[in-house]
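Enquirer: Got a structure for you, my_file.cif, holding mmCIF, C-alpha atoms.
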data_model
#
loop_
_atom_site.label_atom_id
_atom_site.label_comp_id
_atom_site.auth_asym_id
_atom_site.auth_seq_id
_atom_site.Cartn_x
_atom_site.Cartn_y
_atom_site.Cartn_z
CA MET A 1 50.39 2.78 -19.30
CA PRO A 2 51.44 1.73 -15.79
CA THR A 3 51.95 -1.92 -15.00
CA THR A 4 49.11 -2.91 -12.78
CA TYR A 5 49.30 -6.60 -12.02
CA GLU A 6 52.23 -7.62 -9.86
CA LYS A 7 53.20 -10.56 -7.76
CA ILE A 8 53.67 -9.52 -4.14
CA ALA A 9 54.60 -12.85 -2.58
CA THR A 10 54.35 -16.58 -3.01
CA THR A 11 54.62 -19.45 -0.55
CA THR A 12 54.99 -23.17 -1.17
CA LEU A 13 54.92 -25.43 1.84
CA SER A 14 57.83 -27.79 2.33
CA SER A 15 56.10 -29.63 5.17
CA ALA A 16 52.59 -29.99 6.52
CA THR A 17 51.49 -26.66 7.95
CA SER A 18 48.25 -25.24 9.26
CA ASN A 19 48.30 -21.98 7.37
CA ILE A 20 49.82 -19.83 4.68
CA THR A 21 49.93 -16.23 5.84
CA PHE A 22 50.84 -13.12 3.93
CA ASN A 23 51.95 -10.35 6.28
CA SER A 24 52.93 -6.72 5.80
CA ILE A 25 50.87 -6.38 2.64
CA PRO A 26 51.63 -2.98 1.11
CA ALA A 27 48.67 -0.60 0.84
CA THR A 28 49.73 0.61 -2.58
CA TYR A 29 47.37 -1.43 -4.74
CA THR A 30 43.64 -1.22 -5.40
CA ASP A 31 42.74 -4.92 -5.21
CA LEU A 32 44.42 -8.13 -4.15
CA ARG A 33 44.22 -11.48 -5.88
CA ILE A 34 45.25 -14.82 -4.34
CA VAL A 35 45.65 -18.11 -6.16
CA TRP A 36 45.73 -21.02 -3.72
CA VAL A 37 46.31 -24.69 -4.49
CA TYR A 38 45.84 -27.01 -1.55
CA LYS A 39 44.34 -30.12 -0.05
CA ALA A 40 43.94 -31.33 3.50
CA VAL A 41 46.05 -33.81 5.44
CA SER A 42 43.02 -35.07 7.33
CA ALA A 43 39.27 -34.99 6.94
CA GLY A 44 37.03 -32.47 8.63
CA ASN A 45 38.60 -29.26 7.35
CA THR A 46 36.98 -26.48 5.34
CA ALA A 47 38.94 -23.74 3.64
CA PHE A 48 38.62 -20.24 4.96
CA LEU A 49 40.71 -17.16 5.60
CA GLN A 50 41.10 -14.43 8.16
CA PHE A 51 42.16 -10.83 7.70
CA ASN A 52 44.47 -9.04 10.11
CA SER A 53 44.27 -11.99 12.55
CA ASP A 54 40.63 -11.10 13.20
CA THR A 55 38.95 -14.13 14.75
CA ALA A 56 35.81 -12.29 15.85
CA SER A 57 32.41 -12.98 14.28
CA ASN A 58 32.81 -10.35 11.58
CA TYR A 59 32.44 -12.45 8.44
CA SER A 60 29.49 -13.58 6.34
CA TYR A 61 29.12 -15.35 3.04
CA THR A 62 26.79 -16.39 0.24
CA THR A 63 27.71 -19.11 -2.24
CA LEU A 64 26.42 -20.64 -5.43
CA TYR A 65 27.54 -24.19 -6.17
CA GLY A 66 27.09 -27.30 -8.22
CA THR A 67 27.79 -30.84 -7.08
CA GLY A 68 27.66 -32.62 -10.40
CA SER A 69 24.04 -33.56 -9.90
CA ALA A 70 22.43 -30.49 -8.35
CA GLY A 71 22.94 -26.81 -7.79
CA GLY A 72 22.43 -24.89 -4.60
CA SER A 73 23.08 -21.74 -2.66
CA GLN A 74 24.10 -21.28 0.94
CA ARG A 75 24.73 -18.40 3.28
CA SER A 76 25.94 -17.89 6.81
CA THR A 77 26.38 -14.90 9.09
CA ASN A 78 28.63 -13.90 11.98
CA ASN A 79 31.43 -16.31 11.13
CA THR A 80 34.94 -16.19 12.52
CA GLY A 81 36.50 -16.34 9.08
CA ALA A 82 35.64 -16.00 5.42
CA TYR A 83 34.44 -19.41 4.28
CA LEU A 84 35.70 -20.14 0.78
CA VAL A 85 33.86 -23.43 0.42
CA SER A 86 30.52 -23.84 2.10
CA TYR A 87 29.34 -27.17 0.85
CA ALA A 88 32.06 -29.68 1.65
CA GLU A 89 35.28 -30.36 3.45
CA ALA A 90 38.62 -30.05 1.71
CA PRO A 91 39.52 -33.49 0.29
CA THR A 92 42.70 -35.30 1.19
CA SER A 93 43.03 -36.94 -2.22
CA GLU A 94 43.13 -34.26 -4.90
CA TRP A 95 44.47 -30.73 -5.11
CA GLN A 96 41.92 -27.95 -5.07
CA LEU A 97 42.06 -24.49 -6.61
CA GLN A 98 40.88 -21.23 -5.14
CA THR A 99 41.05 -17.80 -6.71
CA ILE A 100 40.25 -15.00 -4.29
CA ASP A 101 39.73 -11.38 -5.32
CA ILE A 102 39.76 -8.88 -2.47
CA PHE A 103 38.46 -5.46 -3.47
CA SER A 104 39.52 -2.05 -2.15
CA TYR A 105 41.48 -3.82 0.56
CA ALA A 106 43.18 -0.64 1.76
CA GLY A 107 40.01 1.46 1.75
CA SER A 108 37.67 2.50 4.51
CA THR A 109 34.56 0.55 3.50
CA PHE A 110 33.72 -2.96 4.63
CA LYS A 111 35.72 -5.47 2.60
CA THR A 112 34.15 -7.77 0.01
CA LEU A 113 35.85 -10.70 -1.64
CA LEU A 114 34.75 -12.85 -4.55
CA ASN A 115 36.15 -16.35 -4.84
CA THR A 116 36.01 -19.27 -7.23
CA TYR A 117 36.48 -22.84 -6.12
CA SER A 118 37.29 -25.70 -8.46
CA GLY A 119 37.55 -29.15 -6.95
CA ASP A 120 37.14 -32.54 -8.49
CA THR A 121 38.02 -35.89 -6.95
CA ASN A 122 37.25 -38.34 -9.75
CA GLY A 123 33.78 -39.23 -8.62
CA GLY A 124 33.19 -36.43 -6.19
CA GLY A 125 33.82 -32.79 -5.78
CA PHE A 126 32.05 -29.65 -6.86
CA ILE A 127 32.39 -26.16 -8.20
CA SER A 128 31.36 -22.96 -6.46
CA ARG A 129 31.44 -19.19 -6.54
CA GLY A 130 31.26 -17.18 -3.37
CA VAL A 131 31.06 -13.71 -1.90
CA ASN A 132 32.29 -12.91 1.60
CA LEU A 133 31.94 -9.76 3.63
CA TRP A 134 34.38 -8.72 6.35
CA ARG A 135 32.68 -6.11 8.48
CA SER A 136 35.68 -3.96 9.17
CA THR A 137 36.78 -0.61 7.83
CA SER A 138 40.44 -1.36 8.63
CA ALA A 139 42.92 -1.69 5.81
CA ILE A 140 43.91 -5.28 5.22
CA THR A 141 47.56 -5.85 6.07
CA SER A 142 47.59 -9.63 6.42
CA VAL A 143 45.71 -12.61 5.05
CA ALA A 144 45.86 -16.08 6.59
CA LEU A 145 44.75 -19.03 4.47
CA LYS A 146 43.81 -21.97 6.67
CA PHE A 147 41.14 -24.49 7.63
CA ASP A 148 38.32 -23.79 10.03
CA ALA A 149 39.11 -26.89 12.08
CA GLY A 150 42.81 -26.09 12.25
CA GLY A 151 44.07 -29.03 10.23
CA ASN A 152 47.21 -29.04 8.14
CA MET A 153 47.85 -28.58 4.45
CA PRO A 154 50.43 -30.99 3.05
CA SER A 155 53.80 -30.19 1.54
CA GLY A 156 53.37 -28.76 -1.93
CA SER A 157 50.42 -26.56 -1.06
CA THR A 158 51.06 -23.18 -2.58
CA ALA A 159 49.60 -19.69 -2.62
CA THR A 160 50.53 -16.56 -4.53
CA LEU A 161 49.44 -13.02 -3.69
CA TYR A 162 49.08 -10.44 -6.45
CA GLY A 163 48.40 -6.72 -6.33
CA ILE A 164 46.23 -4.95 -8.91
CA LEU A 165 46.52 -1.19 -9.29
CA LYS A 166 43.93 1.07 -10.91
CA ALA A 167 44.80 4.08 -13.02
CA MET B 1 59.31 -30.24 -18.43
CA PRO B 2 62.63 -28.43 -18.44
CA ILE B 3 61.52 -25.85 -20.97
CA LEU B 4 58.50 -24.90 -18.91
CA GLY B 5 60.64 -24.77 -15.82
CA THR B 6 63.05 -22.42 -17.52
CA LEU B 7 60.28 -20.17 -18.68
CA ALA B 8 58.69 -20.16 -15.27
CA SER B 9 61.91 -19.13 -13.61
CA GLN B 10 62.48 -16.37 -16.14
CA PHE B 11 59.15 -14.79 -15.34
CA ALA B 12 59.14 -15.39 -11.61
CA GLY B 13 58.67 -12.19 -9.67
CA LYS B 14 58.28 -9.99 -12.71
CA PRO B 15 55.12 -7.93 -13.18
CA PHE B 16 52.61 -8.88 -15.81
CA THR B 17 52.95 -6.42 -18.64
CA SER B 18 49.85 -7.64 -20.42
CA PHE B 19 47.35 -6.42 -17.81
CA GLU B 20 47.19 -2.64 -17.77
CA SER B 21 45.02 -0.03 -16.14
CA ILE B 22 43.17 2.18 -18.60
CA ALA B 23 41.01 4.40 -16.39
CA SER B 24 39.25 4.57 -13.06
CA ALA B 25 36.37 6.57 -11.60
CA THR B 26 34.96 7.14 -8.14
CA GLY B 27 31.34 7.90 -7.37
CA THR B 28 30.46 11.47 -6.47
CA GLY B 29 27.11 10.94 -4.79
CA SER B 30 25.44 13.24 -7.28
CA SER B 31 25.53 11.21 -10.47
CA GLY B 32 24.37 7.77 -11.49
CA THR B 33 26.49 7.60 -14.61
CA ILE B 34 30.17 6.86 -15.14
CA THR B 35 31.58 6.76 -18.66
CA PHE B 36 34.85 5.43 -19.97
CA SER B 37 35.38 6.92 -23.41
CA SER B 38 38.10 6.74 -26.07
CA ILE B 39 38.98 3.20 -25.04
CA PRO B 40 42.16 2.16 -26.87
CA GLN B 41 41.65 -0.59 -29.42
CA THR B 42 45.01 -2.18 -28.65
CA TYR B 43 43.99 -4.91 -26.21
CA SER B 44 42.46 -8.34 -26.63
CA SER B 45 40.02 -8.02 -23.73
CA LEU B 46 38.71 -5.55 -21.23
CA GLN B 47 38.05 -6.13 -17.55
CA ILE B 48 36.03 -3.96 -15.20
CA ARG B 49 36.67 -4.43 -11.50
CA CYS B 50 34.49 -2.47 -9.15
CA VAL B 51 32.99 -1.97 -5.76
CA SER B 52 29.68 -0.20 -5.95
CA GLN B 53 27.02 1.31 -3.74
CA LEU B 54 23.93 3.27 -4.77
CA SER B 55 22.48 6.20 -2.85
CA ALA B 56 19.04 4.58 -2.96
CA THR B 57 18.29 0.89 -2.62
CA LYS B 58 20.32 -1.99 -3.97
CA GLY B 59 19.94 -2.97 -7.59
CA TYR B 60 21.37 -3.53 -10.99
CA THR B 61 23.75 -1.23 -12.74
CA ILE B 62 23.86 -1.54 -16.49
CA VAL B 63 26.79 -1.25 -18.86
CA LYS B 64 26.16 0.19 -22.32
CA PRO B 65 28.85 -0.25 -24.98
CA ASN B 66 29.07 2.80 -27.24
CA ASN B 67 26.13 4.23 -25.26
CA ASP B 68 23.78 1.86 -27.09
CA SER B 69 20.36 1.81 -25.41
CA SER B 70 18.55 -0.17 -28.08
CA THR B 71 16.61 -3.04 -26.56
CA SER B 72 16.96 -4.93 -29.83
CA ASN B 73 20.67 -5.36 -29.20
CA TYR B 74 20.90 -7.23 -25.90
CA THR B 75 20.18 -10.72 -24.67
CA PHE B 76 20.81 -11.95 -21.14
CA HIS B 77 21.24 -15.07 -19.04
CA SER B 78 21.98 -15.33 -15.36
CA THR B 79 22.26 -17.84 -12.59
CA TYR B 80 22.05 -16.51 -9.09
CA GLY B 81 21.73 -17.56 -5.50
CA ASP B 82 20.43 -15.77 -2.44
CA GLY B 83 21.83 -18.20 0.08
CA LEU B 84 18.81 -20.49 -0.02
CA THR B 85 17.81 -21.14 -3.59
CA VAL B 86 19.32 -21.03 -7.05
CA THR B 87 17.46 -19.31 -9.86
CA SER B 88 18.19 -18.78 -13.52
CA ASP B 89 16.58 -16.34 -15.87
CA GLY B 90 17.08 -14.90 -19.31
CA TYR B 91 15.82 -12.35 -21.76
CA VAL B 92 15.73 -12.25 -25.51
CA THR B 93 16.01 -9.03 -27.46
CA GLY B 94 13.36 -6.42 -26.86
CA SER B 95 13.67 -6.35 -23.09
CA LEU B 96 16.95 -4.82 -21.92
CA GLY B 97 18.58 -1.59 -22.99
CA GLY B 98 22.05 -2.51 -21.78
CA SER B 99 24.14 -5.23 -20.19
CA TYR B 100 22.89 -5.91 -16.67
CA SER B 101 26.33 -6.89 -15.47
CA ILE B 102 26.89 -5.16 -12.15
CA TYR B 103 25.00 -5.39 -8.89
CA SER B 104 25.28 -2.69 -6.24
CA THR B 105 24.37 -2.40 -2.60
CA GLY B 106 22.09 0.43 -1.52
CA ALA B 107 23.02 3.01 1.08
CA THR B 108 19.48 3.22 2.36
CA SER B 109 18.78 -0.49 2.66
CA GLU B 110 22.10 -2.14 3.50
CA LEU B 111 24.90 -1.88 5.98
CA SER B 112 26.10 1.65 5.31
CA ASP B 113 29.73 0.64 4.77
CA ASN B 114 28.93 -2.35 2.59
CA VAL B 115 29.70 -2.48 -1.12
CA ALA B 116 29.07 -5.09 -3.79
CA ALA B 117 31.96 -6.37 -5.87
CA THR B 118 32.07 -7.19 -9.56
CA ILE B 119 34.48 -8.61 -12.11
CA LEU B 120 33.23 -8.08 -15.66
CA ASP B 121 35.14 -9.45 -18.67
CA ILE B 122 34.53 -8.30 -22.22
CA HIS B 123 36.46 -10.36 -24.73
CA ASP B 124 37.45 -9.41 -28.25
CA TYR B 125 35.89 -5.99 -27.73
CA ALA B 126 37.68 -4.41 -30.70
CA SER B 127 36.40 -6.93 -33.21
CA THR B 128 34.40 -5.56 -36.12
CA ASN B 129 32.93 -8.88 -37.24
CA LYS B 130 31.70 -10.49 -34.01
CA TYR B 131 28.93 -9.88 -31.53
CA LYS B 132 30.35 -9.20 -28.07
CA THR B 133 29.86 -11.35 -24.97
CA PHE B 134 29.96 -9.86 -21.49
CA CYS B 135 30.82 -12.26 -18.64
CA SER B 136 30.17 -11.06 -15.11
CA PHE B 137 30.66 -12.32 -11.56
CA THR B 138 28.99 -10.01 -9.07
CA GLY B 139 27.57 -10.16 -5.58
CA TYR B 140 27.50 -9.11 -1.99
CA SER B 141 26.90 -10.45 1.48
CA ASN B 142 25.08 -8.37 4.04
CA ASN B 143 25.39 -10.53 7.15
CA GLN B 144 21.64 -10.99 7.18
CA SER B 145 19.21 -13.76 6.42
CA THR B 146 18.07 -11.69 3.44
CA ASN B 147 19.77 -9.23 1.13
CA ASN B 148 22.53 -11.57 0.01
CA LEU B 149 23.09 -12.26 -3.66
CA ILE B 150 25.63 -13.80 -5.96
CA PHE B 151 25.21 -13.62 -9.73
CA LEU B 152 26.85 -15.19 -12.76
CA ILE B 153 25.71 -13.18 -15.77
CA SER B 154 26.20 -13.47 -19.50
CA THR B 155 25.08 -10.76 -21.88
CA LEU B 156 25.32 -10.77 -25.64
CA TRP B 157 25.56 -7.41 -27.38
CA LEU B 158 24.33 -7.98 -30.89
CA SER B 159 26.66 -5.57 -32.60
CA THR B 160 29.79 -6.01 -34.66
CA SER B 161 30.97 -2.51 -33.80
CA ALA B 162 34.20 -2.19 -31.89
CA ILE B 163 33.63 -0.98 -28.34
CA SER B 164 35.13 2.48 -27.91
CA SER B 165 33.21 3.56 -24.82
CA LEU B 166 31.42 2.04 -21.85
CA THR B 167 28.65 3.92 -20.09
CA ILE B 168 27.80 2.58 -16.65
CA GLU B 169 24.37 3.61 -15.39
CA ALA B 170 22.79 3.04 -12.00
CA GLN B 171 19.19 1.91 -12.20
CA GLY B 172 18.03 4.02 -9.30
CA GLY B 173 19.94 6.60 -7.28
CA ASN B 174 23.49 7.79 -7.70
CA PHE B 175 26.86 6.18 -7.14
CA THR B 176 28.02 7.01 -3.65
CA THR B 177 31.60 7.97 -2.86
CA LYS B 178 32.15 4.36 -1.78
CA THR B 179 31.96 3.35 -5.45
CA THR B 180 35.14 2.76 -7.45
CA ILE B 181 34.98 1.42 -10.99
CA SER B 182 38.22 0.58 -12.77
CA LEU B 183 38.80 -0.41 -16.38
CA TYR B 184 41.72 -2.62 -17.40
CA GLY B 185 43.04 -3.81 -20.73
CA ILE B 186 44.44 -7.29 -21.28
CA LYS B 187 46.79 -7.82 -24.21
#
Could you rewrite the structure in this file as C-alpha cells?
Expert:
Amino acid sequence: MPTTYEKIATTTLSSATSNITFNSIPATYTDLRIVWVYKAVSAGNTAFLQFNSDTASNYSYTTLYGTGSAGGSQRSTNNTGAYLVSYAEAPTSEWQLQTIDIFSYAGSTFKTLLNTYSGDTNGGGFISRGVNLWRSTSAITSVALKFDAGGNMPSGSTATLYGILKA
Amino acid sequence: MPILGTLASQFAGKPFTSFESIASATGTGSSGTITFSSIPQTYSSLQIRCVSQLSATKGYTIVKPNNDSSTSNYTFHSTYGDGLTVTSDGYVTGSLGGSYSIYSTGATSELSDNVAATILDIHDYASTNKYKTFCSFTGYSNNQSTNNLIFLISTLWLSTSAISSLTIEAQGGNFTTKTTISLYGIK
C-alpha cells in the first residue's frame, strides 16, 4: 500500500505576523489538510484564507455553529476570502484550533473546503463546522492563512500542511 | 516533557504510515453506483473522502455496507444548517435502506463546476461483535441565498458483520466525471 498522508510543510511564527502562507504546493496529492493553531494580537479579526493570492469576490460559505447556549447557521456570498469562522472574532486570550480539508485542490472543478473550528475562552467561545466554495477551476498552488481585517497572529501561532493521496 | 519532545522530533517530517489509500473511483456519468469490494480487514477504521456531483439534481448519496439494503438495519441522526436555520432529524429502523452519509451537488441545479465534499469515518469496521457507527461531515456552498447545506450525520448499522464492501449509490441520476470517491484505511 502506498503511503498517503504526508507532511508538506509547517510554520511556527517567531514574532507577530499577519499571515502564514504555504507557497509552491506540489500538485501531486489528491487533497490537502491544514491544522492551524492561532489567536489574534488585537480584537476585530476573523480567520479566513485565500488561495493563489486571489482577493476577488470568489468565495462563499455556509456554517453550522454552537455558542454554548444556542445553535445557528450562517452563510455569505461573494467574499474576498474563505471565512473559517463566521460567528465571532478571533480571541486574543486563548489559542484556537482549525482543521481545514481542501478537496481535489489540483483538479479542474471549483474548490470546496470543509473546516472545523474549536475555540473556548473559559466563559466564551464556540464550536463550528463550515463549508467554503472557491469559484475557480485553477489548481491551488498557495494558501494564505490570515485575518480579514489584516491583524497579526502572535508568536507561537503554528500551521502544518499535509498532503493526502488517493490510490 | 522531554520524552514527548524526543518522540516529536523523531517523527517530524516523516509520512504517516498508519493512513493508507485502499481504492479510489471516479464517476463515469453513466452510473449511479460505485462499489469498493474486498476491503482488507487489517485496519482499525475506514475513511471515505470524496467530492461528488450528480447528473440530475442535488441530493443524498447512500452508503451500504456489504450491500445491505434492509431498512431494519439502519438508524439515522443529523444536524444541518442551510445558512439561516439549524435543523435536526432522525429515523429509527424501518425507514432507510442504507447510510445517508454523503451529499452531492446536482449538475442541473447548481453551478456546473461545483462539487460537494464529504469526510465519512467508519470505526471498528472489522468487528464481529459490534454494531457499526458511521460519522459524516458533508456539505457544499453554492454562492447563492439558497442551495447551501452543511450536515453532521450519524448512522448506526445494526449488524455485527465485518464490513467487506461498501456500495455507494446516488439517489437520483448518475455520478458525473467531477465525482471522485476515495477509500482509506487507518491502522
Enquirer: So which residues get picked by the PyMOL selection byres ((chain A) within 8 of (chain B)) here, written as a PDB file with C-alpha atoms, in the coordinates of the input?
Expert:
ATOM      1  CA  MET A   1      50.390   2.780 -19.300  1.00  0.00           C
ATOM      2  CA  PRO A   2      51.440   1.730 -15.790  1.00  0.00           C
ATOM      3  CA  THR A   3      51.950  -1.920 -15.000  1.00  0.00           C
ATOM      4  CA  THR A   4      49.110  -2.910 -12.780  1.00  0.00           C
ATOM      5  CA  TYR A   5      49.300  -6.600 -12.020  1.00  0.00           C
ATOM      6  CA  GLU A   6      52.230  -7.620  -9.860  1.00  0.00           C
ATOM      7  CA  LYS A   7      53.200 -10.560  -7.760  1.00  0.00           C
ATOM      8  CA  ILE A   8      53.670  -9.520  -4.140  1.00  0.00           C
ATOM      9  CA  TYR A  59      32.440 -12.450   8.440  1.00  0.00           C
ATOM     10  CA  SER A  60      29.490 -13.580   6.340  1.00  0.00           C
ATOM     11  CA  TYR A  61      29.120 -15.350   3.040  1.00  0.00           C
ATOM     12  CA  THR A  62      26.790 -16.390   0.240  1.00  0.00           C
ATOM     13  CA  THR A  63      27.710 -19.110  -2.240  1.00  0.00           C
ATOM     14  CA  LEU A  64      26.420 -20.640  -5.430  1.00  0.00           C
ATOM     15  CA  GLY A  71      22.940 -26.810  -7.790  1.00  0.00           C
ATOM     16  CA  GLY A  72      22.430 -24.890  -4.600  1.00  0.00           C
ATOM     17  CA  SER A  73      23.080 -21.740  -2.660  1.00  0.00           C
ATOM     18  CA  GLN A  74      24.100 -21.280   0.940  1.00  0.00           C
ATOM     19  CA  ARG A  75      24.730 -18.400   3.280  1.00  0.00           C
ATOM     20  CA  SER A  76      25.940 -17.890   6.810  1.00  0.00           C
ATOM     21  CA  THR A  77      26.380 -14.900   9.090  1.00  0.00           C
ATOM     22  CA  ASN A  78      28.630 -13.900  11.980  1.00  0.00           C
ATOM     23  CA  PHE A 103      38.460  -5.460  -3.470  1.00  0.00           C
ATOM     24  CA  SER A 104      39.520  -2.050  -2.150  1.00  0.00           C
ATOM     25  CA  THR A 109      34.560   0.550   3.500  1.00  0.00           C
ATOM     26  CA  PHE A 110      33.720  -2.960   4.630  1.00  0.00           C
ATOM     27  CA  LYS A 111      35.720  -5.470   2.600  1.00  0.00           C
ATOM     28  CA  THR A 112      34.150  -7.770   0.010  1.00  0.00           C
ATOM     29  CA  LEU A 113      35.850 -10.700  -1.640  1.00  0.00           C
ATOM     30  CA  LEU A 114      34.750 -12.850  -4.550  1.00  0.00           C
ATOM     31  CA  ARG A 129      31.440 -19.190  -6.540  1.00  0.00           C
ATOM     32  CA  GLY A 130      31.260 -17.180  -3.370  1.00  0.00           C
ATOM     33  CA  VAL A 131      31.060 -13.710  -1.900  1.00  0.00           C
ATOM     34  CA  ASN A 132      32.290 -12.910   1.600  1.00  0.00           C
ATOM     35  CA  LEU A 133      31.940  -9.760   3.630  1.00  0.00           C
ATOM     36  CA  ARG A 135      32.680  -6.110   8.480  1.00  0.00           C
ATOM     37  CA  THR A 137      36.780  -0.610   7.830  1.00  0.00           C
ATOM     38  CA  LEU A 165      46.520  -1.190  -9.290  1.00  0.00           C
ATOM     39  CA  LYS A 166      43.930   1.070 -10.910  1.00  0.00           C
ATOM     40  CA  ALA A 167      44.800   4.080 -13.020  1.00  0.00           C
TER      41      ALA A 167
END
Enquirer: Specify as a list in words each residue included when the PyMOL selection byres ((chain A and resi 151) around 12) is applied to this file.
Expert: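 Residues picked by the PyMOL selection byres ((chain A and resi 151) around 12): Ala16, Thr17, Ser18, Asn19, Lys39, Ala40, Val41, Ser42, Ala43, Gly44, Asn45, Thr46, Ala47, Phe48, Glu89, Ala90, Pro91, Thr92, Leu145, Lys146, Phe147, Asp148, Ala149, Gly150, Asn152, Met153 and Pro154 of chain A.
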Enquirer: Using Å and a single decimal, report how far atom CA of Thr61 of chain B sits from atom CA of Gly94 of chain B.
Expert: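 The value is 18.3 Å.
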Enquirer: If the PyMOL selection byres ((chain A and resi 11) around 8) is run on the structure shown, which residues does it catch, given as a ChimeraX atom specification?
Expert: /A:9-10,12-13,20,158-160
Enquirer: Using only C-alpha atoms, can you tell me which of B:Ile39, B:Cys135, B:Leu54, B:Ala107 comes closest to His123 of chain B?
Expert: B:Cys135
Enquirer: Find the spatial neighbours of Trp157 of chain B, counting all atoms listed in the file, within a cut-off of 9 Å - ignore same-chain residues fewer than 4 positions away - and output them as a VMD selection string.
Expert: chain B and resid 65 73 to 75 98 to 99 131 to 134
Enquirer: Just the number, please: distance in Å from atom CA of Gln50 of chain A to atom CA of Ser157 of chain A, one decimal.
Expert: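 So the two atoms, atom CA of Gln50 of chain A and atom CA of Ser157 of chain A, lie 17.9 Å apart.
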